[in-house]
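The structure under discussion appears below in the form of structure tokens.
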Amino acid sequence: MRPEDRSLEYAAQAARSGLHGLLFVAVFIVLQRVSFLFQDAGGVSLWYLPAGLSLAYLMRSGRRNVGWVFVAIAGAGWLQSPVAVNHLAALFGTAAAWLGAELLRKWPGWNAGNLTVQEALALPVVAALAGGVSALAVPYLAFSGDLNIPSWPAIMLDWWIGDAVGVIVLAPPLLLLPVALRQTRLWRSRLPWECVWPLLAVPPIAVMVFTVAAPLGLQLYFLCFIPLLWLAIRSGLTAAVTGSVLTNLCVALLAWHERLAHADLLSLQLLVATLTLTMLVVGAGSTERQRDRARLARLALTDVLTGLPNRHAFLDELRRQLHPVAAAHRPDEELLVVALDISRLKWVNDTLGQASGDQMLLTFAHRLQAATSHGDLTAHGNLAARLNGGTFAVVCRHGRRAHRETLAALRASLSAPLTVDSQELNLPFICGAAPATPGVTAEGLMQRAEEALATARQTGQDTVLDAAPVADAGGVQENYPALQCEQDLRRALERGGELELYYQPQFALGTLHITSFEALIRWNHPERGLVSPAEFLPVAERTRLIIPLSTWVLHEACRQLAVWLARPGGQHLRIAVNISPGYLHNGLLQRDVEAALVAAGLPGNRLELELTESSLLFDPARANELLGPLQAQGVRLALDDFGTGYSSIRHLRDFQVSNLKIDRSFVRQICVDVLDRRLVTALTALGHELGTSVVAEGAETMDAVACLREAGCDIVQGYALGRPMPAAAATSILGHEEMIKSEERAERERSQRER
């Protein structure tokens, strides 16, 4: 800042301070005049309000403005005091205000506006000390000759009590109410009825106590406490201070109207001081209790480390957003719940320490919150939460775009490296997502997202668990709860008869003869009908039912292949079985494969195990150790979804795969997308150079089959040539490939005519 700018700023501050000081002096003089109005028959005031004003002024403006207090006391004495102005006597009042402000400043609640009970109890001590210091002016005036009254000790006592009552009555509302108004915006909201009716009850009760009961000799002062206690307990400190100000005003007006005797005035002073202090203590205790309750409620719904909502708060918000009324307000938006898990948190904790792990969690939480509040995923209703450990969740609303796009935007916002203890670390995480469907509950949707996350952990790829509803007896679509699915699947494995294998043929592109079948599991539920594998396989993975399920598939597929090999035209067939990551790494695969081959009487080269790149990447050394003995027995390996994972070429080299299956995402548009055609051609050439056969899956038209043949693929699989079918239907097409060739020729001729 330039020197001239600094000078201007200092001048502006001095001007503001001077204006505030002049305003304080004016209000001081007015309040002194008001205080003189509330006197008894002997001229003793009920309270000296300027004492409370001076203390509050120094509390707010600081000790540097103590000079304005001296000016106010001297000026008011010159204008209104019956005693001649004595500047040394004015120093006592100034010292009293300074001492009271310094003492009260030691309790921060008086400045912050959130008193504790201990801080409220400090006020009578400060008021007594400040009033005592101010009252020392009386003996000084008496001994200096400015006050020629023999009974100066009684005047000193009245002075002391009047100043103390003034501090007790006026300092709390001046210090607390402005802060409360700024914090709560009370002027913009309506007071609840439980606060209004006690305030309305104060004036009638005061009138009844002082104008009706007192003349009859009935001391009913305690009635003044009843509505104020209700206010203090129910609504806290602000309402208690407001109520006590109103009550004190009613009492003062009655005292002014009646011109009470000195003894009655002392009783009123005691009542006013006691009432105000009681309301302060009770109100402070009530507010403190409310703050503790709010803090406990906040802690119950907040993750302590990251400050994000926890699981309970997340589910509460999810219930609110799934409510039909809330959903009706945003019909063009779709709700998606994403569960995220930091992959290497335990490794960071073990190698770099818990503090580094906490730093990773905090960084991830801040990025997640930024992405949902003002990043690519910004939308009304978005919420991020920490569920436990390194697991987080996000509820996203978007304009019905693809779920994969949402996950891609989320990954782009979170994937940047971070620095921990001067080391740059990647922030690996995995996502599982589930979209909301009609009628789904918050718990059910959260469970589906966590099931998707469990699948993503197994496969190493972000997973969207699309809803697969089934129809109930009334034709209404409903979701299959995971726990019920687990129990039903367990019973299906025990009873038998519900699980069935479908077989999809794979054709040699050169001859269109069937070379093998891929075994695909289906579940015919006795009540729900055909249950989609997308629904029950993630549950099987999560509950380890995938192990007995895969064992059954191996045995059934090998048994069926043995039947086909005994038929004419089936001697050359192989069977392909998908192996899940959980089954691959559990250590039982070799035993189960050998048992299935022995039971069916098959050589190893008739069985092909299909694995994804992600399942091999999960633990490459362990996978190689488990698959090596099987390959030595002739069992073939196929790399599924080739081109969509990581380090594909290294896997082809390390695991010596027999077939690689080009993912259907490259095949779907091969006839219209030049880039897809080039990619398929390049991947096929790569596979041939490495000595593997290339299988293209997802061929849905005969044109796609022709394009794949031109690209050099060896084997094709897809709806164009054969859908998944039961064993009986698969048996019926063996030896009838000429019919398929005729269909292909007719389809190609039709396509050429259309062109």
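Residue numbering restarts at 1 in every chain; chains get A, B, ... in the order shown in the structure tokens, and ligands count up from 1 in that same order.
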TODO: For A:Thr363, list every protein, DNA or RNA residue within 12 Å, evaluated using only C-alpha atoms, and leave out those in the same chain fewer than 5 positions away; present the list as a PyMOL selection string.
DONE: chain A and resi 305-307+342+356-358+368-370+390+413-420+425-427
Could you write out the selected residues, including N, CA and C atoms, as a PDB file, in the first residue's frame?
ATOM      1  N   LEU A 305     -12.947 -36.572  10.134  1.00  0.00           N
ATOM      2  CA  LEU A 305     -11.697 -36.238   9.452  1.00  0.00           C
ATOM      3  C   LEU A 305     -11.919 -35.290   8.279  1.00  0.00           C
ATOM      4  N   THR A 306     -12.845 -35.604   7.404  1.00  0.00           N
ATOM      5  CA  THR A 306     -13.005 -34.848   6.155  1.00  0.00           C
ATOM      6  C   THR A 306     -14.040 -33.743   6.242  1.00  0.00           C
ATOM      7  N   GLY A 307     -14.930 -33.807   7.228  1.00  0.00           N
ATOM      8  CA  GLY A 307     -16.004 -32.832   7.306  1.00  0.00           C
ATOM      9  C   GLY A 307     -17.151 -33.098   6.348  1.00  0.00           C
ATOM     10  N   ILE A 342     -10.754 -45.628  -2.607  1.00  0.00           N
ATOM     11  CA  ILE A 342      -9.331 -45.376  -2.848  1.00  0.00           C
ATOM     12  C   ILE A 342      -8.588 -46.704  -2.760  1.00  0.00           C
ATOM     13  N   SER A 356      -0.071 -39.571   6.580  1.00  0.00           N
ATOM     14  CA  SER A 356      -0.071 -39.469   5.121  1.00  0.00           C
ATOM     15  C   SER A 356      -1.360 -40.023   4.535  1.00  0.00           C
ATOM     16  N   GLY A 357      -1.843 -41.111   5.131  1.00  0.00           N
ATOM     17  CA  GLY A 357      -3.121 -41.643   4.678  1.00  0.00           C
ATOM     18  C   GLY A 357      -4.257 -40.660   4.904  1.00  0.00           C
ATOM     19  N   ASP A 358      -4.232 -39.971   6.052  1.00  0.00           N
ATOM     20  CA  ASP A 358      -5.253 -38.957   6.314  1.00  0.00           C
ATOM     21  C   ASP A 358      -5.169 -37.817   5.314  1.00  0.00           C
ATOM     22  N   LEU A 368     -13.497 -34.194  -4.328  1.00  0.00           N
ATOM     23  CA  LEU A 368     -14.843 -34.715  -4.564  1.00  0.00           C
ATOM     24  C   LEU A 368     -15.890 -33.650  -4.291  1.00  0.00           C
ATOM     25  N   GLN A 369     -15.690 -32.910  -3.199  1.00  0.00           N
ATOM     26  CA  GLN A 369     -16.643 -31.847  -2.870  1.00  0.00           C
ATOM     27  C   GLN A 369     -16.591 -30.740  -3.915  1.00  0.00           C
ATOM     28  N   ALA A 370     -15.389 -30.412  -4.389  1.00  0.00           N
ATOM     29  CA  ALA A 370     -15.272 -29.375  -5.414  1.00  0.00           C
ATOM     30  C   ALA A 370     -15.924 -29.815  -6.721  1.00  0.00           C
ATOM     31  N   GLY A 390     -11.651 -45.759   3.188  1.00  0.00           N
ATOM     32  CA  GLY A 390     -11.370 -45.051   1.946  1.00  0.00           C
ATOM     33  C   GLY A 390     -12.527 -45.074   0.978  1.00  0.00           C
ATOM     34  N   SER A 413     -11.917 -35.280 -12.654  1.00  0.00           N
ATOM     35  CA  SER A 413     -11.811 -34.287 -11.585  1.00  0.00           C
ATOM     36  C   SER A 413     -10.967 -34.769 -10.417  1.00  0.00           C
ATOM     37  N   LEU A 414     -10.766 -36.086 -10.292  1.00  0.00           N
ATOM     38  CA  LEU A 414     -10.144 -36.626  -9.085  1.00  0.00           C
ATOM     39  C   LEU A 414      -8.786 -37.269  -9.308  1.00  0.00           C
ATOM     40  N   SER A 415      -8.391 -37.481 -10.540  1.00  0.00           N
ATOM     41  CA  SER A 415      -7.251 -38.356 -10.815  1.00  0.00           C
ATOM     42  C   SER A 415      -5.883 -37.686 -10.762  1.00  0.00           C
ATOM     43  N   ALA A 416      -5.810 -36.375 -10.588  1.00  0.00           N
ATOM     44  CA  ALA A 416      -4.502 -35.712 -10.593  1.00  0.00           C
ATOM     45  C   ALA A 416      -3.642 -36.222  -9.435  1.00  0.00           C
ATOM     46  N   PRO A 417      -2.327 -36.360  -9.640  1.00  0.00           N
ATOM     47  CA  PRO A 417      -1.442 -36.806  -8.540  1.00  0.00           C
ATOM     48  C   PRO A 417      -1.467 -35.806  -7.387  1.00  0.00           C
ATOM     49  N   LEU A 418      -1.077 -36.278  -6.201  1.00  0.00           N
ATOM     50  CA  LEU A 418      -0.973 -35.405  -5.047  1.00  0.00           C
ATOM     51  C   LEU A 418       0.399 -35.595  -4.407  1.00  0.00           C
ATOM     52  N   THR A 419       0.801 -34.607  -3.632  1.00  0.00           N
ATOM     53  CA  THR A 419       2.107 -34.646  -2.970  1.00  0.00           C
ATOM     54  C   THR A 419       1.908 -34.947  -1.494  1.00  0.00           C
ATOM     55  N   VAL A 420       2.548 -36.020  -1.015  1.00  0.00           N
ATOM     56  CA  VAL A 420       2.487 -36.427   0.381  1.00  0.00           C
ATOM     57  C   VAL A 420       3.911 -36.578   0.885  1.00  0.00           C
ATOM     58  N   LEU A 425       2.388 -38.817  -5.415  1.00  0.00           N
ATOM     59  CA  LEU A 425       1.701 -40.100  -5.478  1.00  0.00           C
ATOM     60  C   LEU A 425       0.503 -39.995  -6.405  1.00  0.00           C
ATOM     61  N   ASN A 426       0.241 -41.085  -7.118  1.00  0.00           N
ATOM     62  CA  ASN A 426      -1.009 -41.170  -7.858  1.00  0.00           C
ATOM     63  C   ASN A 426      -2.153 -41.390  -6.877  1.00  0.00           C
ATOM     64  N   LEU A 427      -3.355 -41.089  -7.307  1.00  0.00           N
ATOM     65  CA  LEU A 427      -4.526 -41.252  -6.460  1.00  0.00           C
ATOM     66  C   LEU A 427      -5.453 -42.269  -7.132  1.00  0.00           C
TER      67      LEU A 427
END
- [ ] Name the residues in contact with A:Ser550 at a cut-off of 12 Å, using only C-alpha atoms, excluding same-chain residues fewer than 5 positions from it; report them as a ChimeraX atom specification.
- [x] /A:493,499,501,519-521,537,540-541,544-545,555-557,577-584,586,588-589,592-593,596,609
Could the residues in this selection be saved with N, CA and C atoms as an mmCIF file, in the first residue's frame?
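Just written: out-v9.cif:
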data_model
loop_
_atom_site.group_PDB
_atom_site.id
_atom_site.type_symbol
_atom_site.label_atom_id
_atom_site.label_comp_id
_atom_site.auth_asym_id
_atom_site.auth_seq_id
_atom_site.Cartn_x
_atom_site.Cartn_y
_atom_site.Cartn_z
ATOM 1 N N LEU A 493 -28.618 -73.401 -5.805
ATOM 2 C CA LEU A 493 -27.441 -74.260 -5.900
ATOM 3 C C LEU A 493 -27.633 -75.554 -5.121
ATOM 4 N N LEU A 499 -30.860 -73.577 -12.278
ATOM 5 C CA LEU A 499 -29.761 -73.042 -13.083
ATOM 6 C C LEU A 499 -29.646 -73.824 -14.386
ATOM 7 N N LEU A 501 -27.494 -73.761 -18.427
ATOM 8 C CA LEU A 501 -26.486 -73.172 -19.307
ATOM 9 C C LEU A 501 -27.076 -72.962 -20.694
ATOM 10 N N ALA A 519 -20.247 -71.113 -22.978
ATOM 11 C CA ALA A 519 -21.271 -71.448 -21.983
ATOM 12 C C ALA A 519 -21.642 -70.192 -21.198
ATOM 13 N N LEU A 520 -22.932 -69.902 -21.158
ATOM 14 C CA LEU A 520 -23.450 -68.714 -20.471
ATOM 15 C C LEU A 520 -24.543 -69.156 -19.501
ATOM 16 N N ILE A 521 -24.426 -68.753 -18.251
ATOM 17 C CA ILE A 521 -25.356 -69.235 -17.231
ATOM 18 C C ILE A 521 -26.655 -68.439 -17.257
ATOM 19 N N LEU A 537 -25.047 -62.220 -10.813
ATOM 20 C CA LEU A 537 -23.604 -62.466 -10.792
ATOM 21 C C LEU A 537 -22.848 -61.512 -9.864
ATOM 22 N N ALA A 540 -23.308 -62.867 -6.500
ATOM 23 C CA ALA A 540 -22.506 -64.077 -6.321
ATOM 24 C C ALA A 540 -21.041 -63.741 -6.077
ATOM 25 N N GLU A 541 -20.521 -62.737 -6.795
ATOM 26 C CA GLU A 541 -19.137 -62.304 -6.575
ATOM 27 C C GLU A 541 -18.953 -61.791 -5.155
ATOM 28 N N ARG A 544 -19.275 -64.645 -2.452
ATOM 29 C CA ARG A 544 -18.433 -65.824 -2.712
ATOM 30 C C ARG A 544 -19.241 -67.033 -3.174
ATOM 31 N N LEU A 545 -20.497 -66.818 -3.530
ATOM 32 C CA LEU A 545 -21.257 -67.894 -4.176
ATOM 33 C C LEU A 545 -20.753 -68.136 -5.590
ATOM 34 N N HIS A 555 -18.492 -78.143 -14.558
ATOM 35 C CA HIS A 555 -18.903 -79.545 -14.679
ATOM 36 C C HIS A 555 -20.003 -79.703 -15.726
ATOM 37 N N GLU A 556 -20.997 -78.820 -15.730
ATOM 38 C CA GLU A 556 -22.111 -78.938 -16.662
ATOM 39 C C GLU A 556 -21.647 -78.693 -18.099
ATOM 40 N N ALA A 557 -20.771 -77.699 -18.306
ATOM 41 C CA ALA A 557 -20.283 -77.415 -19.659
ATOM 42 C C ALA A 557 -19.459 -78.583 -20.199
ATOM 43 N N VAL A 577 -15.548 -71.342 -21.216
ATOM 44 C CA VAL A 577 -16.182 -71.023 -19.931
ATOM 45 C C VAL A 577 -15.550 -69.746 -19.394
ATOM 46 N N ASN A 578 -16.402 -68.790 -18.982
ATOM 47 C CA ASN A 578 -15.904 -67.541 -18.381
ATOM 48 C C ASN A 578 -15.482 -67.790 -16.941
ATOM 49 N N ILE A 579 -14.323 -67.258 -16.586
ATOM 50 C CA ILE A 579 -13.793 -67.396 -15.228
ATOM 51 C C ILE A 579 -13.750 -66.007 -14.590
ATOM 52 N N SER A 580 -14.419 -65.853 -13.463
ATOM 53 C CA SER A 580 -14.469 -64.556 -12.783
ATOM 54 C C SER A 580 -13.180 -64.320 -12.006
ATOM 55 N N PRO A 581 -12.854 -63.057 -11.709
ATOM 56 C CA PRO A 581 -11.631 -62.779 -10.934
ATOM 57 C C PRO A 581 -11.641 -63.446 -9.565
ATOM 58 N N GLY A 582 -12.810 -63.440 -8.898
ATOM 59 C CA GLY A 582 -12.873 -64.055 -7.577
ATOM 60 C C GLY A 582 -12.595 -65.548 -7.619
ATOM 61 N N TYR A 583 -13.050 -66.204 -8.681
ATOM 62 C CA TYR A 583 -12.828 -67.652 -8.804
ATOM 63 C C TYR A 583 -11.390 -67.948 -9.208
ATOM 64 N N LEU A 584 -10.817 -67.074 -10.051
ATOM 65 C CA LEU A 584 -9.446 -67.295 -10.505
ATOM 66 C C LEU A 584 -8.462 -67.268 -9.348
ATOM 67 N N ASN A 586 -8.946 -67.642 -6.023
ATOM 68 C CA ASN A 586 -9.241 -68.293 -4.741
ATOM 69 C C ASN A 586 -8.435 -69.570 -4.523
ATOM 70 N N LEU A 588 -8.804 -72.571 -6.060
ATOM 71 C CA LEU A 588 -9.509 -73.829 -6.309
ATOM 72 C C LEU A 588 -9.688 -74.118 -7.799
ATOM 73 N N LEU A 589 -9.255 -73.216 -8.663
ATOM 74 C CA LEU A 589 -9.531 -73.360 -10.085
ATOM 75 C C LEU A 589 -8.900 -74.627 -10.661
ATOM 76 N N ASP A 592 -10.791 -77.789 -9.566
ATOM 77 C CA ASP A 592 -12.125 -77.922 -10.154
ATOM 78 C C ASP A 592 -12.052 -78.232 -11.648
ATOM 79 N N VAL A 593 -11.112 -77.601 -12.364
ATOM 80 C CA VAL A 593 -10.979 -77.872 -13.796
ATOM 81 C C VAL A 593 -10.581 -79.327 -14.023
ATOM 82 N N ALA A 596 -13.560 -81.594 -13.345
ATOM 83 C CA ALA A 596 -14.580 -81.530 -14.393
ATOM 84 C C ALA A 596 -14.131 -82.294 -15.632
ATOM 85 N N LEU A 609 -10.666 -71.448 -21.199
ATOM 86 C CA LEU A 609 -11.031 -70.556 -20.094
ATOM 87 C C LEU A 609 -10.912 -69.113 -20.566
#
- [ ] Name the closest residue to A:Leu573 among the candidates A:Ile514, A:Ile546, A:Val125, A:Val34; distances are taken between atoms, counting only C-alpha atoms.
- [x]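 Between A:Ile514, A:Ile546, A:Val125, A:Val34, the residue approaching A:Leu573 most closely is A:Ile514.
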Open item on the list: Considering only C-alpha atoms, can you say which of A:Val241, A:Ala273, A:His87, A:Gly131 comes closest to A:Gly113?
Closed with: A:Val241
TODO: Go ahead and compute the interatomic distance for atom CA of A:Gln631 and atom CA of A:Thr692, in Å to one decimal.
DONE: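 Here the two named atoms are 14.4 Å from each other.
For A:Gly496, the non-local neighbours within 12 Å, defined as residues at least 3 positions apart in the same chain or in other chains and counting only C-alpha atoms, are Asp488, Leu489, Arg490, Arg491, Ala492, Leu493, Leu499, Glu500, Trp523, Asn524, His525, Pro526, Leu549, Trp552 and Glu556 of chain A.
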Give the strand (DSSP E or B) residues of stretch 277-519 of chain A, as assigned by DSSP on the backbone, as a PDB file with C-alpha atoms, in the first residue's frame.
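Saved to result05.pdb:
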ATOM      1  CA  THR A 302     -20.530 -35.686   9.744  1.00  0.00           C
ATOM      2  CA  PRO A 309     -21.552 -36.016   5.496  1.00  0.00           C
ATOM      3  CA  GLU A 334     -31.700 -38.658 -13.649  1.00  0.00           C
ATOM      4  CA  LEU A 335     -30.250 -39.616 -10.297  1.00  0.00           C
ATOM      5  CA  LEU A 336     -27.098 -41.710 -10.108  1.00  0.00           C
ATOM      6  CA  VAL A 337     -25.392 -42.947  -6.942  1.00  0.00           C
ATOM      7  CA  VAL A 338     -21.648 -43.533  -7.281  1.00  0.00           C
ATOM      8  CA  ALA A 339     -19.576 -45.380  -4.690  1.00  0.00           C
ATOM      9  CA  LEU A 340     -15.824 -44.729  -4.847  1.00  0.00           C
ATOM     10  CA  ASP A 341     -12.958 -46.519  -3.140  1.00  0.00           C
ATOM     11  CA  ILE A 342      -9.331 -45.376  -2.848  1.00  0.00           C
ATOM     12  CA  LEU A 383     -23.860 -34.457  -2.543  1.00  0.00           C
ATOM     13  CA  ALA A 384     -20.552 -36.084  -1.610  1.00  0.00           C
ATOM     14  CA  ALA A 385     -20.070 -38.189   1.533  1.00  0.00           C
ATOM     15  CA  ARG A 386     -17.511 -40.431   3.187  1.00  0.00           C
ATOM     16  CA  LEU A 387     -18.983 -43.825   4.051  1.00  0.00           C
ATOM     17  CA  ASN A 388     -16.042 -45.472   5.852  1.00  0.00           C
ATOM     18  CA  THR A 391     -14.917 -45.423   0.609  1.00  0.00           C
ATOM     19  CA  PHE A 392     -16.859 -42.361  -0.530  1.00  0.00           C
ATOM     20  CA  ALA A 393     -20.204 -41.839  -2.243  1.00  0.00           C
ATOM     21  CA  VAL A 394     -21.721 -39.226  -4.520  1.00  0.00           C
ATOM     22  CA  VAL A 395     -25.316 -38.642  -5.520  1.00  0.00           C
ATOM     23  CA  CYS A 396     -25.383 -36.988  -8.944  1.00  0.00           C
ATOM     24  CA  ARG A 397     -28.223 -35.483 -10.922  1.00  0.00           C
ATOM     25  CA  HIS A 398     -27.650 -34.966 -14.617  1.00  0.00           C
ATOM     26  CA  LEU A 418      -0.973 -35.405  -5.047  1.00  0.00           C
ATOM     27  CA  THR A 419       2.107 -34.646  -2.970  1.00  0.00           C
ATOM     28  CA  VAL A 420       2.487 -36.427   0.381  1.00  0.00           C
ATOM     29  CA  GLN A 423       6.543 -37.416  -2.618  1.00  0.00           C
ATOM     30  CA  GLU A 424       4.252 -37.308  -5.614  1.00  0.00           C
ATOM     31  CA  LEU A 425       1.701 -40.100  -5.478  1.00  0.00           C
ATOM     32  CA  PHE A 429      -9.602 -45.259  -7.111  1.00  0.00           C
ATOM     33  CA  ILE A 430     -12.383 -47.407  -8.473  1.00  0.00           C
ATOM     34  CA  CYS A 431     -16.051 -46.539  -9.023  1.00  0.00           C
ATOM     35  CA  GLY A 432     -19.280 -48.459  -8.839  1.00  0.00           C
ATOM     36  CA  ALA A 433     -22.530 -46.753  -9.813  1.00  0.00           C
ATOM     37  CA  ALA A 434     -26.236 -47.514  -9.819  1.00  0.00           C
ATOM     38  CA  PRO A 435     -29.000 -45.386 -11.369  1.00  0.00           C
ATOM     39  CA  THR A 463     -18.813 -50.568 -13.126  1.00  0.00           C
ATOM     40  CA  VAL A 464     -22.347 -49.294 -13.652  1.00  0.00           C
ATOM     41  CA  VAL A 470     -38.300 -58.126 -12.893  1.00  0.00           C
ATOM     42  CA  ALA A 471     -42.061 -58.336 -13.041  1.00  0.00           C
ATOM     43  CA  GLN A 477     -41.488 -54.064 -12.222  1.00  0.00           C
ATOM     44  CA  GLU A 478     -39.517 -54.321  -9.017  1.00  0.00           C
ATOM     45  CA  LEU A 499     -29.761 -73.042 -13.083  1.00  0.00           C
ATOM     46  CA  GLU A 500     -29.243 -73.715 -16.766  1.00  0.00           C
ATOM     47  CA  LEU A 501     -26.486 -73.172 -19.307  1.00  0.00           C
ATOM     48  CA  TYR A 502     -27.128 -71.481 -22.632  1.00  0.00           C
ATOM     49  CA  TYR A 503     -24.621 -71.921 -25.424  1.00  0.00           C
ATOM     50  CA  GLN A 504     -23.626 -69.358 -28.058  1.00  0.00           C
ATOM     51  CA  PRO A 505     -21.813 -70.793 -31.092  1.00  0.00           C
ATOM     52  CA  GLN A 506     -18.529 -69.480 -32.420  1.00  0.00           C
ATOM     53  CA  PHE A 507     -17.940 -69.843 -36.172  1.00  0.00           C
ATOM     54  CA  ALA A 508     -14.767 -70.085 -38.231  1.00  0.00           C
ATOM     55  CA  ILE A 514     -19.026 -74.106 -35.619  1.00  0.00           C
ATOM     56  CA  THR A 515     -15.704 -74.439 -33.818  1.00  0.00           C
ATOM     57  CA  SER A 516     -16.848 -74.049 -30.227  1.00  0.00           C
ATOM     58  CA  PHE A 517     -19.598 -72.901 -27.886  1.00  0.00           C
ATOM     59  CA  GLU A 518     -19.385 -70.334 -25.115  1.00  0.00           C
ATOM     60  CA  ALA A 519     -21.271 -71.448 -21.983  1.00  0.00           C
TER      61      ALA A 519
END
Open item on the list: If we count only C-alpha atoms and set the cut-off at 8 Å, which residues sit around stretch 223-229 of chain A, ignoring sequence neighbours fewer than 3 positions away in its own chain? Please answer as a PyMOL selection string.
Closed with: chain A and resi 198-199+201-202+205-206+209+220+232-233+240+243-244+247+275+279+282
Keeping only N, CA and C atoms, write the selected residues to a file as a PDB file, in the first residue's frame.
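Now in selection.pdb:
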ATOM      1  N   PRO A 198     -44.904 -15.347  25.772  1.00  0.00           N
ATOM      2  CA  PRO A 198     -44.306 -14.876  27.027  1.00  0.00           C
ATOM      3  C   PRO A 198     -43.993 -13.379  27.005  1.00  0.00           C
ATOM      4  N   LEU A 199     -43.538 -12.860  25.827  1.00  0.00           N
ATOM      5  CA  LEU A 199     -43.273 -11.424  25.735  1.00  0.00           C
ATOM      6  C   LEU A 199     -44.560 -10.618  25.901  1.00  0.00           C
ATOM      7  N   ALA A 201     -47.006 -11.569  27.686  1.00  0.00           N
ATOM      8  CA  ALA A 201     -47.472 -11.749  29.062  1.00  0.00           C
ATOM      9  C   ALA A 201     -46.723 -10.889  30.060  1.00  0.00           C
ATOM     10  N   VAL A 202     -45.532 -10.378  29.678  1.00  0.00           N
ATOM     11  CA  VAL A 202     -44.714  -9.622  30.634  1.00  0.00           C
ATOM     12  C   VAL A 202     -45.411  -8.347  31.130  1.00  0.00           C
ATOM     13  N   ILE A 205     -48.411  -8.992  33.616  1.00  0.00           N
ATOM     14  CA  ILE A 205     -47.950  -9.544  34.899  1.00  0.00           C
ATOM     15  C   ILE A 205     -47.289  -8.459  35.735  1.00  0.00           C
ATOM     16  N   ALA A 206     -46.465  -7.608  35.107  1.00  0.00           N
ATOM     17  CA  ALA A 206     -45.820  -6.524  35.854  1.00  0.00           C
ATOM     18  C   ALA A 206     -46.849  -5.559  36.421  1.00  0.00           C
ATOM     19  N   VAL A 209     -48.545  -7.245  39.400  1.00  0.00           N
ATOM     20  CA  VAL A 209     -47.691  -7.376  40.581  1.00  0.00           C
ATOM     21  C   VAL A 209     -47.515  -6.038  41.294  1.00  0.00           C
ATOM     22  N   LEU A 220     -45.729 -10.398  45.199  1.00  0.00           N
ATOM     23  CA  LEU A 220     -45.809 -11.423  44.149  1.00  0.00           C
ATOM     24  C   LEU A 220     -44.736 -11.215  43.079  1.00  0.00           C
ATOM     25  N   ALA A 232     -36.316 -18.302  28.534  1.00  0.00           N
ATOM     26  CA  ALA A 232     -34.907 -18.671  28.631  1.00  0.00           C
ATOM     27  C   ALA A 232     -34.703 -20.157  28.357  1.00  0.00           C
ATOM     28  N   ILE A 233     -35.603 -20.999  28.901  1.00  0.00           N
ATOM     29  CA  ILE A 233     -35.429 -22.442  28.753  1.00  0.00           C
ATOM     30  C   ILE A 233     -35.746 -22.885  27.333  1.00  0.00           C
ATOM     31  N   ALA A 240     -34.133 -14.595  26.313  1.00  0.00           N
ATOM     32  CA  ALA A 240     -34.087 -14.273  27.743  1.00  0.00           C
ATOM     33  C   ALA A 240     -33.651 -12.833  27.965  1.00  0.00           C
ATOM     34  N   GLY A 243     -36.512 -10.515  26.881  1.00  0.00           N
ATOM     35  CA  GLY A 243     -37.576 -10.523  27.879  1.00  0.00           C
ATOM     36  C   GLY A 243     -37.203  -9.773  29.136  1.00  0.00           C
ATOM     37  N   SER A 244     -35.967  -9.911  29.589  1.00  0.00           N
ATOM     38  CA  SER A 244     -35.550  -9.199  30.802  1.00  0.00           C
ATOM     39  C   SER A 244     -35.513  -7.690  30.570  1.00  0.00           C
ATOM     40  N   THR A 247     -39.126  -6.558  30.793  1.00  0.00           N
ATOM     41  CA  THR A 247     -39.589  -6.586  32.188  1.00  0.00           C
ATOM     42  C   THR A 247     -38.987  -5.441  32.990  1.00  0.00           C
ATOM     43  N   LEU A 275     -33.440 -10.612  38.637  1.00  0.00           N
ATOM     44  CA  LEU A 275     -34.159 -11.092  37.460  1.00  0.00           C
ATOM     45  C   LEU A 275     -33.237 -11.136  36.242  1.00  0.00           C
ATOM     46  N   MET A 279     -32.007 -14.599  34.351  1.00  0.00           N
ATOM     47  CA  MET A 279     -32.284 -14.855  32.946  1.00  0.00           C
ATOM     48  C   MET A 279     -30.993 -15.080  32.150  1.00  0.00           C
ATOM     49  N   VAL A 282     -29.776 -18.743  33.171  1.00  0.00           N
ATOM     50  CA  VAL A 282     -30.642 -19.783  32.608  1.00  0.00           C
ATOM     51  C   VAL A 282     -30.586 -19.762  31.080  1.00  0.00           C
TER      52      VAL A 282
END
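Those residues that approach A:Gly109 to within 10 Å, counting only C-alpha atoms, are Leu104, Arg105, Lys106, Ala112, Gly113, Asn114, Leu115, Thr116, Val117, Gln118, Glu119, Ala120, Leu175 and Leu176 of chain A; same-chain residues fewer than 3 positions away are not listed.
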With C-alpha atoms retained, write the just-selected residues as a short mmCIF file (atom, residue, chain, number, x, y, z; two decimals), in the first residue's frame.
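That gives us again_23.cif:
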data_model
loop_
_atom_site.label_atom_id
_atom_site.label_comp_id
_atom_site.auth_asym_id
_atom_site.auth_seq_id
_atom_site.Cartn_x
_atom_site.Cartn_y
_atom_site.Cartn_z
CA LEU A 104 -15.22 -8.77 31.01
CA ARG A 105 -12.95 -9.08 27.99
CA LYS A 106 -11.26 -12.05 29.65
CA ALA A 112 -18.80 -13.49 20.54
CA GLY A 113 -22.40 -13.39 21.80
CA ASN A 114 -22.44 -17.05 22.91
CA LEU A 115 -22.17 -16.99 26.68
CA THR A 116 -21.52 -19.98 28.85
CA VAL A 117 -22.94 -20.21 32.37
CA GLN A 118 -19.53 -19.39 33.87
CA GLU A 119 -19.22 -16.28 31.68
CA ALA A 120 -22.72 -15.14 32.67
CA LEU A 175 -23.23 -6.60 23.99
CA LEU A 176 -25.32 -9.65 23.11
#
